[in-house]
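For reference, start_26.cif (mmCIF, C-alpha atoms):
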data_entry
#
loop_
_atom_site.label_atom_id
_atom_site.label_comp_id
_atom_site.auth_asym_id
_atom_site.auth_seq_id
_atom_site.Cartn_x
_atom_site.Cartn_y
_atom_site.Cartn_z
CA MET A 192 -40.63 52.35 38.93
CA GLN A 193 -39.41 52.70 35.38
CA VAL A 194 -41.99 55.27 34.34
CA TYR A 195 -41.42 57.54 37.30
CA GLU A 196 -37.68 57.06 36.97
CA THR A 197 -37.89 58.13 33.32
CA ILE A 198 -39.90 61.20 34.29
CA ARG A 199 -37.39 62.03 37.00
CA ALA A 200 -34.31 61.44 34.87
CA LYS A 201 -35.39 62.99 31.55
CA ARG A 202 -33.44 66.07 30.51
CA ALA A 203 -33.92 68.32 27.51
CA ILE A 204 -31.38 67.38 24.84
CA ARG A 205 -30.62 70.03 22.23
CA LYS A 206 -27.45 68.76 20.59
CA PHE A 207 -27.47 65.43 18.82
CA THR A 208 -25.04 63.01 17.20
CA ASP A 209 -25.28 62.20 13.50
CA GLU A 210 -26.51 58.71 14.27
CA PRO A 211 -29.90 57.96 12.72
CA LEU A 212 -32.64 56.40 14.81
CA PRO A 213 -33.42 52.72 14.30
CA GLU A 214 -36.66 52.19 12.42
CA ASP A 215 -38.27 50.39 15.34
CA ALA A 216 -37.44 53.30 17.65
CA VAL A 217 -39.03 55.73 15.19
CA GLU A 218 -42.11 53.55 15.12
CA THR A 219 -42.28 53.26 18.91
CA ILE A 220 -41.99 57.01 19.41
CA LEU A 221 -44.66 57.81 16.82
CA ASN A 222 -46.95 55.10 18.12
CA ALA A 223 -46.59 56.48 21.64
CA GLY A 224 -48.04 59.76 20.39
CA ARG A 225 -50.66 58.08 18.26
CA LEU A 226 -51.91 56.04 21.24
CA ALA A 227 -52.34 59.03 23.55
CA GLN A 228 -55.77 59.68 24.96
CA SER A 229 -57.68 62.80 23.95
CA ALA A 230 -60.92 64.57 24.76
CA LYS A 231 -63.78 62.38 23.51
CA ASN A 232 -61.09 60.41 21.65
CA THR A 233 -60.94 63.16 19.01
CA GLN A 234 -57.21 62.46 18.40
CA PRO A 235 -56.84 66.06 17.23
CA TRP A 236 -53.49 65.60 15.53
CA HIS A 237 -51.38 64.61 12.58
CA PHE A 238 -47.65 64.05 13.01
CA ILE A 239 -45.12 64.76 10.29
CA ALA A 240 -41.94 62.79 10.96
CA ILE A 241 -39.08 64.65 9.29
CA ARG A 242 -35.68 63.16 8.57
CA ASN A 243 -34.87 65.14 5.44
CA ARG A 244 -31.95 67.37 6.44
CA ASP A 245 -32.96 70.34 4.30
CA THR A 246 -36.47 70.28 5.73
CA LEU A 247 -35.17 70.07 9.29
CA GLU A 248 -32.82 72.98 8.68
CA ALA A 249 -35.57 75.09 7.16
CA LEU A 250 -37.97 74.28 10.01
CA SER A 251 -35.31 75.15 12.59
CA LYS A 252 -35.39 78.74 11.32
CA LEU A 253 -39.12 79.15 11.88
CA GLY A 254 -39.04 79.42 15.66
CA HIS A 255 -37.03 81.02 18.42
CA PHE A 256 -34.70 78.55 20.10
CA ALA A 257 -35.74 76.01 17.45
CA GLY A 258 -32.20 75.69 16.12
CA HIS A 259 -31.83 72.23 17.65
CA LEU A 260 -34.17 70.89 14.94
CA ALA A 261 -31.42 71.43 12.36
CA GLY A 262 -29.29 68.70 13.94
CA ALA A 263 -32.02 66.31 15.01
CA ALA A 264 -32.10 62.74 13.76
CA MET A 265 -35.85 63.22 13.44
CA GLY A 266 -38.21 66.11 13.95
CA VAL A 267 -41.88 65.57 14.62
CA ALA A 268 -44.23 68.39 13.64
CA ILE A 269 -47.46 68.25 15.60
CA LEU A 270 -50.43 69.49 13.60
CA THR A 271 -53.73 70.27 15.29
CA PRO A 272 -57.04 71.99 14.55
CA PRO A 273 -56.96 75.72 15.40
CA PRO A 274 -55.57 75.85 18.95
CA GLU A 275 -57.97 78.61 19.95
CA GLN A 276 -61.00 76.51 18.97
CA ARG A 277 -61.13 74.71 22.31
CA PHE A 278 -58.67 74.44 25.19
CA SER A 279 -58.51 70.67 24.96
CA ILE A 280 -56.71 70.71 21.61
CA MET A 281 -53.37 71.85 22.97
CA PHE A 282 -53.93 69.92 26.20
CA ASP A 283 -54.26 66.76 24.12
CA ALA A 284 -51.26 67.70 21.98
CA GLY A 285 -49.29 68.09 25.21
CA GLN A 286 -50.25 64.60 26.30
CA ALA A 287 -49.18 63.13 22.96
CA ALA A 288 -45.88 65.03 23.06
CA ALA A 289 -45.18 63.81 26.59
CA TYR A 290 -45.84 60.22 25.55
CA MET A 291 -43.45 60.51 22.60
CA GLN A 292 -40.68 62.12 24.64
CA LEU A 293 -40.93 59.63 27.52
CA ALA A 294 -41.01 56.66 25.14
CA ALA A 295 -37.92 58.07 23.41
CA TRP A 296 -36.00 58.59 26.64
CA GLU A 297 -36.59 54.98 27.61
CA LEU A 298 -34.85 54.01 24.35
CA GLY A 299 -31.90 56.27 25.13
CA ILE A 300 -33.11 58.94 22.72
CA GLY A 301 -33.15 62.56 23.76
CA SER A 302 -35.60 65.22 22.65
CA CYS A 303 -36.49 68.88 22.92
CA LEU A 304 -39.58 70.92 22.14
CA ALA A 305 -39.51 73.81 19.70
CA THR A 306 -42.15 76.49 19.34
CA ILE A 307 -42.86 77.40 15.74
CA TYR A 308 -43.45 81.14 15.46
CA GLU A 309 -43.86 81.19 11.68
CA PRO A 310 -46.70 78.73 11.20
CA GLU A 311 -47.58 79.84 7.67
CA GLN A 312 -44.01 79.39 6.48
CA ALA A 313 -44.04 75.98 8.11
CA ARG A 314 -47.25 75.20 6.24
CA GLN A 315 -45.51 76.06 2.95
CA LEU A 316 -42.51 73.95 3.89
CA LEU A 317 -44.46 70.89 4.99
CA GLY A 318 -47.39 71.22 2.62
CA PHE A 319 -50.24 70.62 5.06
CA PRO A 320 -53.78 71.88 4.42
CA ASP A 321 -55.40 75.04 5.77
CA GLU A 322 -57.48 73.30 8.42
CA TRP A 323 -54.38 72.02 10.23
CA HIS A 324 -52.06 74.21 12.30
CA ILE A 325 -48.60 73.96 13.75
CA ARG A 326 -47.34 75.42 17.00
CA ILE A 327 -44.92 72.76 18.23
CA ALA A 328 -42.28 70.47 16.80
CA ILE A 329 -40.06 68.03 18.68
CA SER A 330 -36.43 67.18 17.97
CA PHE A 331 -35.32 63.59 18.61
CA GLY A 332 -31.85 62.10 18.50
CA TYR A 333 -28.98 60.61 20.46
CA ALA A 334 -27.34 63.09 22.80
CA HIS A 335 -24.09 64.53 21.51
CA PHE A 336 -22.87 65.29 25.03
CA GLU A 337 -23.10 62.38 27.43
CA GLU A 338 -23.09 64.85 30.33
CA ASP A 339 -26.36 66.31 29.05
CA VAL A 340 -28.01 62.96 29.75
CA ASP A 341 -26.72 62.57 33.29
CA ARG A 342 -26.75 66.14 34.47
CA PRO A 343 -28.39 66.59 37.87
CA PRO A 344 -31.53 68.71 38.04
CA ARG A 345 -30.88 72.35 38.73
CA LYS A 346 -31.69 73.23 42.33
CA THR A 347 -33.98 75.94 41.09
CA GLY A 348 -35.34 73.82 38.24
CA ARG A 349 -38.78 73.09 39.68
CA ARG A 350 -40.86 74.78 42.33
CA GLU A 351 -40.91 73.00 45.66
CA PHE A 352 -43.64 70.47 46.40
CA ASP A 353 -45.36 72.73 48.94
CA ASN A 354 -45.36 75.58 46.46
CA VAL A 355 -47.26 73.51 43.89
CA ILE A 356 -49.45 71.09 45.82
CA HIS A 357 -52.46 72.06 47.92
CA TRP A 358 -54.50 69.65 50.02
CA ASP A 359 -58.27 69.59 49.52
CA LYS A 360 -58.44 73.38 49.16
CA TRP A 361 -56.18 76.21 48.03
CA MET B 250 -39.91 48.88 27.44
CA GLN B 251 -41.80 49.71 30.60
CA VAL B 252 -42.72 53.24 29.57
CA TYR B 253 -44.04 52.25 26.17
CA GLU B 254 -45.78 49.24 27.69
CA THR B 255 -47.50 51.54 30.19
CA ILE B 256 -48.58 53.86 27.38
CA ARG B 257 -49.87 50.90 25.41
CA ALA B 258 -51.64 49.23 28.32
CA LYS B 259 -53.19 52.22 30.07
CA ARG B 260 -56.99 52.33 30.03
CA ALA B 261 -59.32 55.01 31.35
CA ILE B 262 -60.68 53.88 34.73
CA ARG B 263 -63.90 55.52 35.88
CA LYS B 264 -65.06 53.29 38.72
CA PHE B 265 -62.87 52.87 41.76
CA THR B 266 -62.70 50.76 44.91
CA ASP B 267 -62.93 52.39 48.33
CA GLU B 268 -59.28 51.67 48.98
CA PRO B 269 -57.27 54.80 49.74
CA LEU B 270 -53.98 55.42 47.96
CA PRO B 271 -50.76 54.87 49.93
CA GLU B 272 -49.08 58.12 50.87
CA ASP B 273 -46.00 57.35 48.83
CA ALA B 274 -48.14 56.72 45.74
CA VAL B 275 -49.87 60.06 46.25
CA GLU B 276 -46.49 61.72 46.50
CA THR B 277 -45.14 59.96 43.40
CA ILE B 278 -48.16 60.92 41.29
CA LEU B 279 -48.04 64.57 42.37
CA ASN B 280 -44.28 64.74 41.92
CA ALA B 281 -44.62 63.32 38.41
CA GLY B 282 -46.79 66.31 37.54
CA ARG B 283 -44.60 68.76 39.40
CA LEU B 284 -41.49 67.58 37.53
CA ALA B 285 -43.01 67.97 34.06
CA GLN B 286 -41.29 70.29 31.63
CA SER B 287 -43.01 73.47 30.49
CA ALA B 288 -42.45 76.36 28.10
CA LYS B 289 -39.50 78.38 29.41
CA ASN B 290 -39.89 76.36 32.61
CA THR B 291 -42.86 78.54 33.58
CA GLN B 292 -44.51 75.60 35.42
CA PRO B 293 -47.90 77.22 34.82
CA TRP B 294 -49.81 75.16 37.38
CA HIS B 295 -50.96 74.51 40.89
CA PHE B 296 -52.41 71.13 41.80
CA ILE B 297 -55.08 70.68 44.44
CA ALA B 298 -55.06 67.07 45.66
CA ILE B 299 -58.54 66.29 46.96
CA ARG B 300 -59.40 63.36 49.19
CA ASN B 301 -62.27 64.95 51.11
CA ARG B 302 -65.33 62.99 50.00
CA ASP B 303 -67.74 65.94 50.13
CA THR B 304 -65.40 68.05 48.01
CA LEU B 305 -64.99 65.25 45.46
CA GLU B 306 -68.73 64.77 45.24
CA ALA B 307 -69.32 68.49 44.79
CA LEU B 308 -66.61 68.75 42.12
CA SER B 309 -68.04 65.75 40.25
CA LYS B 310 -71.21 67.77 39.62
CA LEU B 311 -69.35 70.63 37.93
CA GLY B 312 -68.59 68.89 34.65
CA HIS B 313 -70.22 66.61 32.13
CA PHE B 314 -69.06 63.02 32.52
CA ALA B 315 -67.17 64.11 35.65
CA GLY B 316 -69.21 61.80 37.88
CA HIS B 317 -66.24 59.49 38.34
CA LEU B 318 -64.64 62.10 40.61
CA ALA B 319 -67.25 61.34 43.27
CA GLY B 320 -65.81 57.87 43.80
CA ALA B 321 -62.13 58.61 43.29
CA ALA B 322 -59.59 57.91 46.01
CA MET B 323 -58.02 61.22 45.03
CA GLY B 324 -58.92 63.97 42.63
CA VAL B 325 -56.31 66.37 41.30
CA ALA B 326 -57.54 69.76 40.16
CA ILE B 327 -55.14 71.36 37.70
CA LEU B 328 -55.07 75.14 37.99
CA THR B 329 -53.44 77.28 35.31
CA PRO B 330 -53.22 80.91 34.22
CA PRO B 331 -56.00 81.87 31.78
CA PRO B 332 -55.89 79.13 29.10
CA GLU B 333 -56.51 81.62 26.29
CA GLN B 334 -53.45 83.70 27.30
CA ARG B 335 -51.05 81.52 25.31
CA PHE B 336 -51.39 78.11 23.68
CA SER B 337 -48.55 76.66 25.70
CA ILE B 338 -50.46 76.82 28.98
CA MET B 339 -52.81 73.96 28.21
CA PHE B 340 -50.10 72.15 26.26
CA ASP B 341 -47.98 72.19 29.40
CA ALA B 342 -50.93 71.17 31.58
CA GLY B 343 -51.43 68.23 29.22
CA GLN B 344 -47.84 67.14 29.68
CA ALA B 345 -48.16 67.31 33.48
CA ALA B 346 -51.43 65.36 33.38
CA ALA B 347 -49.88 62.68 31.18
CA TYR B 348 -46.96 62.32 33.57
CA MET B 349 -49.27 61.92 36.57
CA GLN B 350 -51.49 59.37 34.85
CA LEU B 351 -48.61 57.27 33.53
CA ALA B 352 -46.84 57.31 36.91
CA ALA B 353 -50.10 56.21 38.54
CA TRP B 354 -50.69 53.34 36.11
CA GLU B 355 -47.23 52.00 36.83
CA LEU B 356 -48.29 51.78 40.48
CA GLY B 357 -51.47 49.92 39.57
CA ILE B 358 -53.59 53.03 40.01
CA GLY B 359 -56.18 53.97 37.42
CA SER B 360 -57.26 57.45 36.43
CA CYS B 361 -59.60 59.43 34.25
CA LEU B 362 -59.77 63.03 33.09
CA ALA B 363 -62.77 65.23 33.79
CA THR B 364 -63.56 68.52 32.11
CA ILE B 365 -64.88 71.12 34.51
CA TYR B 366 -67.61 73.15 32.82
CA GLU B 367 -68.44 75.27 35.86
CA PRO B 368 -65.08 76.82 36.66
CA GLU B 369 -66.45 79.60 38.85
CA GLN B 370 -68.36 77.16 41.04
CA ALA B 371 -65.18 75.10 41.25
CA ARG B 372 -63.32 78.23 42.34
CA GLN B 373 -65.85 78.75 45.16
CA LEU B 374 -65.55 75.11 46.18
CA LEU B 375 -61.75 74.99 46.18
CA GLY B 376 -61.07 78.56 47.21
CA PHE B 377 -58.39 79.45 44.66
CA PRO B 378 -57.64 83.04 43.65
CA ASP B 379 -58.91 84.91 40.59
CA GLU B 380 -55.68 84.63 38.61
CA TRP B 381 -55.87 80.84 38.54
CA HIS B 382 -58.29 78.85 36.40
CA ILE B 383 -59.58 75.32 36.25
CA ARG B 384 -60.55 73.34 33.18
CA ILE B 385 -59.40 69.82 34.05
CA ALA B 386 -59.40 67.53 37.05
CA ILE B 387 -58.16 63.94 37.23
CA SER B 388 -59.65 61.06 39.21
CA PHE B 389 -57.23 58.51 40.66
CA GLY B 390 -57.94 55.22 42.41
CA TYR B 391 -57.78 51.45 42.23
CA ALA B 392 -60.00 49.99 39.53
CA HIS B 393 -63.26 48.56 40.84
CA PHE B 394 -63.58 46.20 37.86
CA GLU B 395 -60.49 44.15 37.15
CA GLU B 396 -61.66 43.70 33.56
CA ASP B 397 -61.40 47.48 33.06
CA VAL B 398 -57.65 47.19 33.60
CA ASP B 399 -57.09 44.34 31.18
CA ARG B 400 -59.58 45.17 28.47
CA PRO B 401 -58.13 45.06 24.98
CA PRO B 402 -58.06 48.29 23.01
CA ARG B 403 -61.13 48.83 20.87
CA LYS B 404 -60.39 48.09 17.22
CA THR B 405 -61.65 51.55 16.35
CA GLY B 406 -60.01 53.16 19.38
CA ARG B 407 -57.19 54.96 17.58
CA ARG B 408 -56.69 56.01 13.98
CA GLU B 409 -54.31 53.79 12.02
CA PHE B 410 -50.63 54.66 11.84
CA ASP B 411 -50.80 55.69 8.18
CA ASN B 412 -53.74 57.94 8.91
CA VAL B 413 -51.77 59.88 11.53
CA ILE B 414 -48.14 59.78 10.46
CA HIS B 415 -46.70 61.56 7.42
CA TRP B 416 -43.12 61.27 6.24
CA ASP B 417 -41.16 64.48 5.67
CA LYS B 418 -44.19 66.22 4.14
CA TRP B 419 -47.97 66.04 4.36
#

Could you rewrite the structure in this file as structure tokens?
Amino acid sequence: MQVYETIRAKRAIRKFTDEPLPEDAVETILNAGRLAQSAKNTQPWHFIAIRNRDTLEALSKLGHFAGHLAGAAMGVAILTPPPEQRFSIMFDAGQAAAYMQLAAWELGIGSCLATIYEPEQARQLLGFPDEWHIRIAISFGYAHFEEDVDRPPRKTGRREFDNVIHWDKW
Amino acid sequence: MQVYETIRAKRAIRKFTDEPLPEDAVETILNAGRLAQSAKNTQPWHFIAIRNRDTLEALSKLGHFAGHLAGAAMGVAILTPPPEQRFSIMFDAGQAAAYMQLAAWELGIGSCLATIYEPEQARQLLGFPDEWHIRIAISFGYAHFEEDVDRPPRKTGRREFDNVIHWDKW
């Protein structure tokens, strides 16, 4: 059960080594997102893969708790149509992000989501057109602290099964 | 590369056999969703796992192209806070859905998303409270047609890499 094991074992990694990602890992991660399903196969996304250090540092200042982008081996900016246009846009973006992060973890590469609170500044920085919008970017890289990779889940980390799952009816 | 292989190989399955899902598979699928990450760990979801045939048939009539729910071994209704409240709600629901569907595929279980266009009728049917909302349900089950599992991706199924990925800037 490699997939489930990856889901179970994945931890958010916020501090990365300086080691760059191999090209084939970069390609696998980006392809994982590209291959994600989406409502009516609209594929409502572009991905900007960022390895330029200045760009990563600038992007890291455009969100709260987005500082981890500054030290990432690669950041991936997820661009979508206006999120408020239909609920499926961010749902689909979430699927693509999950695919990328799980594919990365399997390759020993950690990741963390960042919310971009200054989307217009990010637009200036990354140069994307008006019809595309950014809310989320993902940091990828090798974990700086080995203990971040192996840390056990917090006891209070997820709600209990019976608090989340209902059978046939609420 | 089991995770990436699962991502690459997964197909939407809309027609299922009558075979029920083993209890441990049901638990694995639901746990995969439960363990998904979410913005500030809000876990903005409840999942209703539906195996009652009458309920599945009724739910299948509450969306376009949701007919596959009628024949599913299990349907999972994803309930969230109001989707328009913040963009991260449906993004997080998308991550949880992706986890469940990938975990299922690893177990040889197919799935398909359904959009629920009659959320208030679904609320009546499933009996969940006013503060929770439904937009998406997922069908799970063993594929009725073996060729659905193995079918090659359509040539036009996903946009080309260079059409999706940008390097450092748009």

Find the residues of chain B in contact range of chain A, meaning any atom within 8 Å when counting all atoms listed in the file, and list them as a ChimeraX atom specification.
/B:250-253,255-257,277,279-281,283-285,290,292,294-301,304,332-333,336-337,339-348,351-352,355-356,374-377,406-408,410,412-419

Between B:Gln370, B:Thr266, B:Ser388, B:Thr405, which one has atoms that come closest to Leu311 in chain B, using all atoms listed in the file?
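Closest to Leu311 in chain B of all the choices is B:Gln370.
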
Using the file's own x, y and z axes, what box holds all listed atoms of range 295-298 of chain B with 8 Å on each side, keeping edges along x, y and z, and what are its centre and edge lengths in Å to one decimal, as JSON?
{"center_x": -53.0, "center_y": 70.8, "center_z": 43.3, "size_x": 20.1, "size_y": 23.4, "size_z": 20.8}

Residue list as a ChimeraX atom specification for point (-62.1, 80.0, 37.2), cut-off 7 Å, only C-alpha atoms
/B:368-369,372,379,381-383

So how many Å separate CA of Glu210 in chain A and CA of Arg342 in chain A, to one decimal?
21.5 Å

CA of Lys289 in chain B to CA of His335 in chain A, straight-line distance in Å
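Atom-to-atom, CA of His335 in chain A and CA of Lys289 in chain B are spaced 22.2 Å apart.
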
Residue nearest Ala328 in chain A among A:Ala216, A:Ile204, A:Leu260, A:Ala249 (counting only C-alpha atoms)
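That would be A:Leu260, the residue with the smallest distance to Ala328 in chain A.
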
Could you jot down the CA of Lys206 in chain A to CA of Pro344 in chain A separation for me, Å, one decimal place?
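So the two atoms, CA of Lys206 in chain A and CA of Pro344 in chain A, lie 17.9 Å apart.
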
Using only C-alpha atoms: which of B:Arg263, B:Asp303, B:Asp273, B:Ser309 has the shortest distance to Tyr391 in chain B
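Smallest distance to Tyr391 in chain B is found for B:Arg263.
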
Please rebuild range 240-265 of chain A with N, CA and C atoms and return the result as a PDB file, in the coordinates of the input.
ATOM      1  N   ALA A 240     -43.264  63.239  10.516  1.00  0.00           N
ATOM      2  CA  ALA A 240     -41.940  62.790  10.960  1.00  0.00           C
ATOM      3  C   ALA A 240     -40.926  63.181   9.891  1.00  0.00           C
ATOM      4  N   ILE A 241     -39.989  64.026  10.273  1.00  0.00           N
ATOM      5  CA  ILE A 241     -39.080  64.650   9.290  1.00  0.00           C
ATOM      6  C   ILE A 241     -37.656  64.165   9.520  1.00  0.00           C
ATOM      7  N   ARG A 242     -37.087  63.546   8.499  1.00  0.00           N
ATOM      8  CA  ARG A 242     -35.680  63.160   8.570  1.00  0.00           C
ATOM      9  C   ARG A 242     -34.877  63.789   7.433  1.00  0.00           C
ATOM     10  N   ASN A 243     -35.562  64.436   6.526  1.00  0.00           N
ATOM     11  CA  ASN A 243     -34.870  65.140   5.440  1.00  0.00           C
ATOM     12  C   ASN A 243     -34.110  66.330   6.028  1.00  0.00           C
ATOM     13  N   ARG A 244     -32.786  66.349   5.792  1.00  0.00           N
ATOM     14  CA  ARG A 244     -31.950  67.370   6.440  1.00  0.00           C
ATOM     15  C   ARG A 244     -32.321  68.791   6.026  1.00  0.00           C
ATOM     16  N   ASP A 245     -32.597  68.997   4.766  1.00  0.00           N
ATOM     17  CA  ASP A 245     -32.960  70.340   4.300  1.00  0.00           C
ATOM     18  C   ASP A 245     -34.249  70.826   4.968  1.00  0.00           C
ATOM     19  N   THR A 246     -35.195  69.912   5.093  1.00  0.00           N
ATOM     20  CA  THR A 246     -36.470  70.280   5.730  1.00  0.00           C
ATOM     21  C   THR A 246     -36.256  70.613   7.202  1.00  0.00           C
ATOM     22  N   LEU A 247     -35.450  69.807   7.871  1.00  0.00           N
ATOM     23  CA  LEU A 247     -35.170  70.070   9.290  1.00  0.00           C
ATOM     24  C   LEU A 247     -34.480  71.426   9.458  1.00  0.00           C
ATOM     25  N   GLU A 248     -33.535  71.701   8.581  1.00  0.00           N
ATOM     26  CA  GLU A 248     -32.820  72.980   8.680  1.00  0.00           C
ATOM     27  C   GLU A 248     -33.760  74.162   8.427  1.00  0.00           C
ATOM     28  N   ALA A 249     -34.615  74.011   7.458  1.00  0.00           N
ATOM     29  CA  ALA A 249     -35.570  75.090   7.160  1.00  0.00           C
ATOM     30  C   ALA A 249     -36.535  75.284   8.327  1.00  0.00           C
ATOM     31  N   LEU A 250     -37.020  74.190   8.891  1.00  0.00           N
ATOM     32  CA  LEU A 250     -37.970  74.280  10.010  1.00  0.00           C
ATOM     33  C   LEU A 250     -37.299  74.912  11.238  1.00  0.00           C
ATOM     34  N   SER A 251     -36.025  74.631  11.406  1.00  0.00           N
ATOM     35  CA  SER A 251     -35.310  75.150  12.590  1.00  0.00           C
ATOM     36  C   SER A 251     -35.239  76.673  12.589  1.00  0.00           C
ATOM     37  N   LYS A 252     -35.463  77.270  11.417  1.00  0.00           N
ATOM     38  CA  LYS A 252     -35.390  78.740  11.320  1.00  0.00           C
ATOM     39  C   LYS A 252     -36.749  79.391  11.536  1.00  0.00           C
ATOM     40  N   LEU A 253     -37.766  78.606  11.794  1.00  0.00           N
ATOM     41  CA  LEU A 253     -39.120  79.150  11.880  1.00  0.00           C
ATOM     42  C   LEU A 253     -39.604  79.298  13.327  1.00  0.00           C
ATOM     43  N   GLY A 254     -38.682  79.206  14.258  1.00  0.00           N
ATOM     44  CA  GLY A 254     -39.040  79.420  15.660  1.00  0.00           C
ATOM     45  C   GLY A 254     -37.862  80.000  16.400  1.00  0.00           C
ATOM     46  N   HIS A 255     -38.124  80.616  17.553  1.00  0.00           N
ATOM     47  CA  HIS A 255     -37.030  81.020  18.420  1.00  0.00           C
ATOM     48  C   HIS A 255     -36.554  79.781  19.165  1.00  0.00           C
ATOM     49  N   PHE A 256     -35.258  79.682  19.354  1.00  0.00           N
ATOM     50  CA  PHE A 256     -34.700  78.550  20.100  1.00  0.00           C
ATOM     51  C   PHE A 256     -35.088  77.217  19.445  1.00  0.00           C
ATOM     52  N   ALA A 257     -35.371  77.243  18.161  1.00  0.00           N
ATOM     53  CA  ALA A 257     -35.740  76.010  17.450  1.00  0.00           C
ATOM     54  C   ALA A 257     -34.555  75.459  16.677  1.00  0.00           C
ATOM     55  N   GLY A 258     -33.398  76.080  16.868  1.00  0.00           N
ATOM     56  CA  GLY A 258     -32.200  75.690  16.120  1.00  0.00           C
ATOM     57  C   GLY A 258     -31.829  74.230  16.280  1.00  0.00           C
ATOM     58  N   HIS A 259     -32.191  73.642  17.418  1.00  0.00           N
ATOM     59  CA  HIS A 259     -31.830  72.230  17.650  1.00  0.00           C
ATOM     60  C   HIS A 259     -32.460  71.304  16.615  1.00  0.00           C
ATOM     61  N   LEU A 260     -33.547  71.741  15.973  1.00  0.00           N
ATOM     62  CA  LEU A 260     -34.170  70.890  14.940  1.00  0.00           C
ATOM     63  C   LEU A 260     -33.208  70.611  13.785  1.00  0.00           C
ATOM     64  N   ALA A 261     -32.330  71.571  13.512  1.00  0.00           N
ATOM     65  CA  ALA A 261     -31.420  71.430  12.360  1.00  0.00           C
ATOM     66  C   ALA A 261     -30.545  70.188  12.495  1.00  0.00           C
ATOM     67  N   GLY A 262     -30.186  69.829  13.732  1.00  0.00           N
ATOM     68  CA  GLY A 262     -29.290  68.700  13.940  1.00  0.00           C
ATOM     69  C   GLY A 262     -29.965  67.455  14.456  1.00  0.00           C
ATOM     70  N   ALA A 263     -31.289  67.466  14.481  1.00  0.00           N
ATOM     71  CA  ALA A 263     -32.020  66.310  15.010  1.00  0.00           C
ATOM     72  C   ALA A 263     -31.964  65.137  14.055  1.00  0.00           C
ATOM     73  N   ALA A 264     -31.985  63.924  14.612  1.00  0.00           N
ATOM     74  CA  ALA A 264     -32.100  62.740  13.760  1.00  0.00           C
ATOM     75  C   ALA A 264     -33.501  62.665  13.163  1.00  0.00           C
ATOM     76  N   MET A 265     -34.467  63.151  13.929  1.00  0.00           N
ATOM     77  CA  MET A 265     -35.850  63.220  13.440  1.00  0.00           C
ATOM     78  C   MET A 265     -36.542  64.390  14.122  1.00  0.00           C
TER      79      MET A 265
END
